[in-house]
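One file, protein_13.cif, carrying mmCIF, C-alpha atoms:
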```cif
data_start
#
loop_
_atom_site.label_atom_id
_atom_site.label_comp_id
_atom_site.auth_asym_id
_atom_site.auth_seq_id
_atom_site.Cartn_x
_atom_site.Cartn_y
_atom_site.Cartn_z
CA MET J 1 -61.42 28.62 66.29
CA SER J 2 -57.91 29.13 65.01
CA ALA J 3 -54.84 29.79 67.10
CA LYS J 4 -53.46 33.28 66.58
CA ALA J 5 -50.16 34.96 67.30
CA LEU J 6 -49.23 38.62 67.28
CA ILE J 7 -46.07 39.28 65.29
CA VAL J 8 -44.30 42.53 66.22
CA ILE J 9 -42.02 43.37 63.30
CA ASP J 10 -38.77 45.36 63.70
CA MET J 11 -39.89 47.51 66.61
CA LEU J 12 -36.70 46.95 68.62
CA ASN J 13 -34.98 49.62 66.62
CA SER J 14 -32.33 52.28 67.21
CA TYR J 15 -33.55 54.31 64.21
CA GLU J 16 -30.00 54.88 63.03
CA HIS J 17 -30.68 54.21 59.37
CA GLN J 18 -31.20 56.15 56.17
CA ASP J 19 -35.01 56.35 56.29
CA ALA J 20 -35.33 57.00 60.02
CA ALA J 21 -36.31 60.67 59.79
CA MET J 22 -39.16 59.82 57.42
CA LEU J 23 -40.23 56.78 59.49
CA LEU J 24 -40.21 58.26 63.00
CA PRO J 25 -43.45 60.31 62.76
CA SER J 26 -45.39 57.26 61.62
CA VAL J 27 -43.84 55.11 64.36
CA ARG J 28 -44.92 57.66 66.97
CA ASN J 29 -48.48 57.54 65.61
CA ALA J 30 -48.60 53.75 65.52
CA LEU J 31 -46.96 53.13 68.90
CA PRO J 32 -50.10 53.43 71.10
CA ASN J 33 -51.90 51.02 68.77
CA ILE J 34 -49.02 48.54 68.80
CA THR J 35 -49.07 48.74 72.59
CA ARG J 36 -52.83 48.09 72.55
CA MET J 37 -52.35 45.02 70.32
CA ILE J 38 -49.62 43.60 72.57
CA GLU J 39 -51.83 44.10 75.64
CA GLN J 40 -54.80 42.48 73.88
CA ALA J 41 -52.74 39.47 72.83
CA ARG J 42 -51.23 39.03 76.30
CA GLU J 43 -54.63 39.37 78.02
CA ASN J 44 -55.96 36.59 75.80
CA ASP J 45 -52.92 34.31 76.22
CA ALA J 46 -51.98 34.59 72.54
CA GLU J 47 -48.33 34.24 71.63
CA VAL J 48 -46.49 37.53 71.15
CA ILE J 49 -43.56 37.00 68.83
CA TYR J 50 -41.02 39.72 68.13
CA VAL J 51 -39.32 39.27 64.79
CA ASN J 52 -36.53 41.75 64.41
CA ASP J 53 -33.56 42.71 62.32
CA ASN J 54 -30.30 42.21 64.17
CA PHE J 55 -28.54 45.24 62.67
CA GLY J 56 -25.53 43.12 61.79
CA LEU J 57 -25.01 41.95 65.38
CA TRP J 58 -24.96 38.26 64.49
CA ARG J 59 -23.54 37.14 67.83
CA SER J 60 -26.21 39.00 69.77
CA HIS J 61 -29.40 37.78 71.38
CA HIS J 62 -32.65 39.60 72.04
CA ASP J 63 -31.60 40.97 75.44
CA GLU J 64 -28.48 42.49 73.90
CA LEU J 65 -30.47 44.05 71.05
CA LEU J 66 -32.96 45.40 73.56
CA ASP J 67 -30.17 46.87 75.69
CA VAL J 68 -28.67 48.63 72.65
CA VAL J 69 -31.93 50.25 71.58
CA LEU J 70 -32.93 51.20 75.12
CA ARG J 71 -29.66 53.11 75.50
CA GLY J 72 -30.30 54.95 72.23
CA PRO J 73 -31.97 58.28 71.54
CA HIS J 74 -35.32 56.67 70.71
CA ALA J 75 -35.74 54.43 73.75
CA ASP J 76 -39.16 56.02 74.27
CA LEU J 77 -40.34 54.15 71.17
CA VAL J 78 -39.17 50.79 72.52
CA GLU J 79 -39.85 50.91 76.25
CA PRO J 80 -43.69 50.73 76.01
CA ILE J 81 -43.55 47.61 73.84
CA ARG J 82 -40.57 45.77 75.22
CA PRO J 83 -40.84 41.98 75.29
CA ASP J 84 -41.91 40.38 78.53
CA ASP J 85 -40.67 37.03 79.89
CA LYS J 86 -43.29 35.09 77.90
CA SER J 87 -42.59 36.77 74.55
CA LEU J 88 -40.87 34.79 71.84
CA PHE J 89 -38.11 36.27 69.69
CA VAL J 90 -36.86 35.51 66.19
CA VAL J 91 -33.94 37.27 64.49
CA LYS J 92 -34.28 38.02 60.79
CA ALA J 93 -31.77 39.27 58.27
CA ARG J 94 -33.98 40.49 55.44
CA HIS J 95 -37.41 41.98 54.87
CA SER J 96 -39.62 38.91 55.38
CA ILE J 97 -40.14 37.48 58.84
CA PHE J 98 -39.93 34.03 57.22
CA PHE J 99 -36.81 34.38 55.06
CA GLU J 100 -34.25 31.96 56.50
CA THR J 101 -35.76 32.13 60.00
CA PRO J 102 -37.28 29.38 62.17
CA LEU J 103 -40.59 31.26 62.41
CA GLU J 104 -42.65 28.84 60.29
CA TYR J 105 -41.46 25.92 62.41
CA LEU J 106 -42.23 27.84 65.63
CA LEU J 107 -45.76 28.66 64.41
CA ARG J 108 -46.43 25.03 63.44
CA GLN J 109 -45.11 23.78 66.81
CA HIS J 110 -47.57 26.11 68.58
CA GLY J 111 -50.49 25.21 66.30
CA ILE J 112 -50.78 28.77 65.03
CA ASP J 113 -52.55 29.22 61.71
CA THR J 114 -53.36 32.94 61.91
CA ILE J 115 -50.78 35.68 62.31
CA VAL J 116 -51.59 39.25 63.24
CA LEU J 117 -48.98 41.66 61.92
CA CYS J 118 -47.99 45.00 63.41
CA GLY J 119 -44.79 47.04 63.44
CA GLN J 120 -42.73 48.46 60.63
CA VAL J 121 -42.52 49.12 57.70
CA THR J 122 -45.92 48.62 56.01
CA GLU J 123 -44.62 48.89 52.45
CA GLN J 124 -41.58 46.73 53.10
CA CYS J 125 -41.28 44.13 55.85
CA VAL J 126 -45.02 43.90 56.60
CA LEU J 127 -45.87 43.48 52.91
CA TYR J 128 -43.20 40.84 52.23
CA SER J 129 -44.08 38.98 55.42
CA ALA J 130 -47.77 38.91 54.50
CA LEU J 131 -46.90 37.47 51.10
CA ASP J 132 -44.67 34.80 52.62
CA ALA J 133 -47.39 33.91 55.15
CA HIS J 134 -49.96 33.66 52.35
CA ILE J 135 -47.86 31.22 50.34
CA ARG J 136 -47.48 29.14 53.52
CA HIS J 137 -51.29 28.94 53.79
CA LEU J 138 -51.44 31.00 56.97
CA GLN J 139 -54.29 33.42 57.62
CA VAL J 140 -53.04 37.00 57.85
CA VAL J 141 -54.45 39.97 59.71
CA VAL J 142 -52.69 43.31 59.27
CA VAL J 143 -53.49 45.92 61.90
CA GLU J 144 -53.30 49.01 59.74
CA ASP J 145 -53.08 51.63 62.48
CA ALA J 146 -50.45 49.55 64.31
CA CYS J 147 -48.10 49.59 61.33
CA ALA J 148 -45.67 52.41 60.57
CA HIS J 149 -44.65 53.49 57.10
CA ILE J 150 -42.02 55.57 55.35
CA HIS J 151 -44.14 56.54 52.34
CA SER J 152 -47.89 56.81 52.98
CA ASP J 153 -48.82 56.29 49.32
CA LEU J 154 -46.80 53.08 49.14
CA ALA J 155 -48.26 51.93 52.46
CA THR J 156 -51.77 52.43 51.10
CA ALA J 157 -50.89 50.46 47.97
CA ALA J 158 -49.26 47.72 50.05
CA LEU J 159 -52.37 47.36 52.21
CA GLN J 160 -54.52 47.10 49.10
CA MET J 161 -52.23 44.42 47.67
CA MET J 162 -52.26 42.45 50.92
CA GLU J 163 -56.04 42.56 51.06
CA ARG J 164 -56.71 41.78 47.40
CA ASN J 165 -53.83 39.52 46.42
CA MET J 166 -53.09 37.75 49.70
CA ARG J 167 -56.58 37.75 51.20
CA ALA J 168 -55.26 39.47 54.33
CA ARG J 169 -57.81 40.99 56.63
CA ILE J 170 -57.03 44.64 57.23
CA ALA J 171 -58.02 45.49 60.79
CA ASP J 172 -57.97 48.37 63.23
CA SER J 173 -56.41 48.20 66.69
CA THR J 174 -59.76 48.98 68.34
CA GLU J 175 -61.18 45.66 67.07
CA LYS J 176 -61.17 42.58 69.25
CA ILE J 177 -58.79 40.36 67.30
CA PHE J 178 -57.69 37.94 70.03
#
```

Could you rewrite the structure in this file as structure tokens?
Amino acid sequence: MSAKALIVIDMLNSYEHQDAAMLLPSVRNALPNITRMIEQARENDAEVIYVNDNFGLWRSHHDELLDVVLRGPHADLVEPIRPDDKSLFVVKARHSIFFETPLEYLLRQHGIDTIVLCGQVTEQCVLYSALDAHIRHLQVVVVEDACAHIHSDLATAALQMMERNMRARIADSTEKIF
């Protein structure tokens, strides 16, 4: 049996960006499913790794980012999924969770060969992260209903590409993944 980790992508978010109004409804729909995935991973002692943009706060750390978003107008979207004391945290600067981050090293150190992706945005960061995982020979599971999108048509296309081109398993949050 392979070791799995849940990767929560960009959910520590203030939603103060250009696409926020289009993204927020999808985030609200996905949030209960993201919460379910985090609970499932924690109950089964799987690593929960938050990989998040830093919003240009290069001197910050995860507690500072969390404090900023919890003081913001959309704290209700962060509070239910906030990292616990066992969660791991990686800061990213671009779309992929792997681009110039220590994530690959962290996964190898923990013997993880399967990553389960949830978070935002399906047609951007989730897609690029799945591709980068695939070229690193990691198994990828994308929890479709635990991913938020800006454009539903592009999200559908991205899921198809991940499944067909990257051999990702597209799952549902009601499945037992961990």

Discussion item. What would the selection look like, as a ChimeraX atom specification, if the PyMOL selection byres ((chain J and resi 10-20) around 9) were run on the coordinates I just shared?
Written reply: /J:8-9,21-24,27,50-53,55,65-66,68-75,77-78,81-82,119-121,125,150

Discussion item. Assuming the chain letters and numbering stay as they are in my file, what does the PyMOL selection byres ((chain J and resi 148) around 10) actually select? List them as a PyMOL selection string.
Written reply: chain J and resi 11+23-31+34+118-123+126+144-147+149-152+155

Discussion item. If I take CA of His62 (chain J) and CA of Arg136 (chain J), how far is one from the other in Å, to one decimal?
Written reply: 25.9 Å

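Our summary of the geometry notes that CA of Arg94 (chain J) is positioned 21.6 Å from CA of Gln139 (chain J).
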
Worksheet item: the PyMOL selection byres ((chain J and resi 114) around 6) on the file shown: which residues, as a list in words?
Response: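 Written out, the selection comes to Lys4, Ile112, Asp113, Ile115, Leu138, Gln139 and Val140 of chain J.
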
Return the padded bounding box of region 40-47 of chain J as AutoDock Vina command-line options: axis-aligned, built from all atoms listed in the file, 6 Å added on each side, with centre and edge lengths in Å to one decimal.
```
--center_x -52.1 --center_y 38.4 --center_z 74.8 --size_x 19.6 --size_y 20.2 --size_z 18.4
```

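Closest approach to Lys92 (chain J) among J:Asn54, J:Phe178, J:Tyr105, J:Leu6 is made by J:Asn54 (distances from all atoms listed in the file).
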
Fill in: Nearest-residue call for Glu100 (chain J), choices J:Asn44, J:Asp132, J:Asn165, J:Ala5, using only C-alpha atoms
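Of J:Asn44, J:Asp132, J:Asn165, J:Ala5, the one nearest Glu100 (chain J), counting only C-alpha atoms, is J:Asp132.
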
Worksheet item: Contacts of Ile170 (chain J) at 10 Å or less, counting all atoms listed in the file, minus same-chain residues fewer than 4 places along, as a PyMOL selection string?
Response: chain J and resi 116-117+140-145+159-160+162-163

Practice prompt. Rounded to one decimal place, report the CA of Ile49 (chain J)-CA of Glu104 (chain J) distance in Å.
Written response: 11.8 Å

Worksheet entry | Nearest candidate to Ile97 (chain J) (options J:Ser129, J:Asn33, J:Gln124, J:Thr174; using all atoms listed in the file) |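 Answer, going by the shortest atom-to-atom distance: J:Ser129.
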
Worksheet item: From the list J:Asp45, J:Glu79, J:Leu154, J:Gln109, which residue is nearest Pro32 (chain J) when using all atoms listed in the file?
Response: J:Glu79

Item to complete: Neighbourhood query: residues within 10 Å of (-61.0, 45.4, 68.1), file coordinates, counting all atoms listed in the file; return as JSON, numbers by chain.
Response: {"J": [36, 37, 40, 143, 171, 172, 173, 174, 175, 176, 177, 178]}

Residues from last step as file, C-alpha atoms, as a PDB file, keeping the file's coordinate frame:
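Saved to out01.pdb:
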```pdb
ATOM      1  CA  ARG J  36     -52.830  48.090  72.550  1.00  0.00           C
ATOM      2  CA  MET J  37     -52.350  45.020  70.320  1.00  0.00           C
ATOM      3  CA  GLN J  40     -54.800  42.480  73.880  1.00  0.00           C
ATOM      4  CA  VAL J 143     -53.490  45.920  61.900  1.00  0.00           C
ATOM      5  CA  ALA J 171     -58.020  45.490  60.790  1.00  0.00           C
ATOM      6  CA  ASP J 172     -57.970  48.370  63.230  1.00  0.00           C
ATOM      7  CA  SER J 173     -56.410  48.200  66.690  1.00  0.00           C
ATOM      8  CA  THR J 174     -59.760  48.980  68.340  1.00  0.00           C
ATOM      9  CA  GLU J 175     -61.180  45.660  67.070  1.00  0.00           C
ATOM     10  CA  LYS J 176     -61.170  42.580  69.250  1.00  0.00           C
ATOM     11  CA  ILE J 177     -58.790  40.360  67.300  1.00  0.00           C
ATOM     12  CA  PHE J 178     -57.690  37.940  70.030  1.00  0.00           C
TER      13      PHE J 178
END
```

Using the structure just given, write a file holding N, CA, C and O atoms for region 154-175 of chain J, as a compact mmCIF listing (two decimals), in the first residue's frame.
```
# COMPACT_ATOMS: atom_id res chain seq x y z
N LEU J 154 -13.65 25.40 -18.07
CA LEU J 154 -12.21 25.15 -18.03
C LEU J 154 -11.87 24.12 -16.95
O LEU J 154 -10.96 23.30 -17.14
N ALA J 155 -12.61 24.14 -15.85
CA ALA J 155 -12.40 23.14 -14.80
C ALA J 155 -12.72 21.75 -15.32
O ALA J 155 -11.97 20.79 -15.07
N THR J 156 -13.80 21.62 -16.06
CA THR J 156 -14.17 20.32 -16.65
C THR J 156 -13.08 19.85 -17.60
O THR J 156 -12.66 18.68 -17.56
N ALA J 157 -12.60 20.74 -18.44
CA ALA J 157 -11.53 20.39 -19.37
C ALA J 157 -10.26 20.01 -18.62
O ALA J 157 -9.57 19.05 -18.98
N ALA J 158 -9.93 20.75 -17.56
CA ALA J 158 -8.73 20.46 -16.78
C ALA J 158 -8.82 19.08 -16.14
O ALA J 158 -7.84 18.32 -16.15
N LEU J 159 -9.97 18.73 -15.61
CA LEU J 159 -10.15 17.41 -15.01
C LEU J 159 -9.99 16.31 -16.05
O LEU J 159 -9.36 15.28 -15.79
N GLN J 160 -10.52 16.54 -17.22
CA GLN J 160 -10.36 15.56 -18.31
C GLN J 160 -8.89 15.41 -18.68
O GLN J 160 -8.40 14.28 -18.89
N MET J 161 -8.18 16.51 -18.77
CA MET J 161 -6.75 16.45 -19.10
C MET J 161 -5.97 15.72 -18.01
O MET J 161 -5.09 14.90 -18.31
N MET J 162 -6.28 16.00 -16.74
CA MET J 162 -5.56 15.34 -15.66
C MET J 162 -5.81 13.84 -15.70
O MET J 162 -4.88 13.05 -15.50
N GLU J 163 -7.03 13.45 -15.97
CA GLU J 163 -7.36 12.02 -16.02
C GLU J 163 -6.72 11.33 -17.22
O GLU J 163 -6.09 10.29 -17.09
N ARG J 164 -6.86 11.92 -18.38
CA ARG J 164 -6.36 11.29 -19.61
C ARG J 164 -4.85 11.42 -19.79
O ARG J 164 -4.18 10.45 -20.12
N ASN J 165 -4.33 12.61 -19.62
CA ASN J 165 -2.93 12.86 -19.93
C ASN J 165 -1.97 12.58 -18.78
O ASN J 165 -0.79 12.33 -19.00
N MET J 166 -2.46 12.67 -17.55
CA MET J 166 -1.59 12.53 -16.39
C MET J 166 -1.94 11.30 -15.56
O MET J 166 -1.38 11.10 -14.50
N ARG J 167 -2.92 10.56 -16.04
CA ARG J 167 -3.38 9.34 -15.36
C ARG J 167 -3.83 9.60 -13.92
O ARG J 167 -3.70 8.73 -13.05
N ALA J 168 -4.32 10.80 -13.65
CA ALA J 168 -4.84 11.11 -12.32
C ALA J 168 -6.16 10.39 -12.12
O ALA J 168 -6.94 10.23 -13.06
N ARG J 169 -6.38 9.98 -10.91
CA ARG J 169 -7.69 9.42 -10.56
C ARG J 169 -8.57 10.58 -10.10
O ARG J 169 -8.18 11.33 -9.21
N ILE J 170 -9.71 10.71 -10.72
CA ILE J 170 -10.66 11.75 -10.33
C ILE J 170 -11.62 11.10 -9.34
O ILE J 170 -12.30 10.11 -9.67
N ALA J 171 -11.67 11.65 -8.14
CA ALA J 171 -12.43 11.05 -7.05
C ALA J 171 -13.50 12.02 -6.54
O ALA J 171 -13.53 13.18 -6.93
N ASP J 172 -14.29 11.52 -5.64
CA ASP J 172 -15.36 12.27 -4.99
C ASP J 172 -15.07 12.24 -3.49
O ASP J 172 -14.55 11.24 -2.98
N SER J 173 -15.42 13.28 -2.79
CA SER J 173 -15.10 13.38 -1.36
C SER J 173 -15.83 12.34 -0.50
O SER J 173 -15.45 12.13 0.65
N THR J 174 -16.84 11.69 -1.04
CA THR J 174 -17.54 10.67 -0.26
C THR J 174 -16.81 9.32 -0.30
O THR J 174 -17.14 8.41 0.46
N GLU J 175 -15.82 9.19 -1.20
CA GLU J 175 -15.04 7.96 -1.29
C GLU J 175 -14.05 7.87 -0.13
O GLU J 175 -13.57 8.88 0.37
```
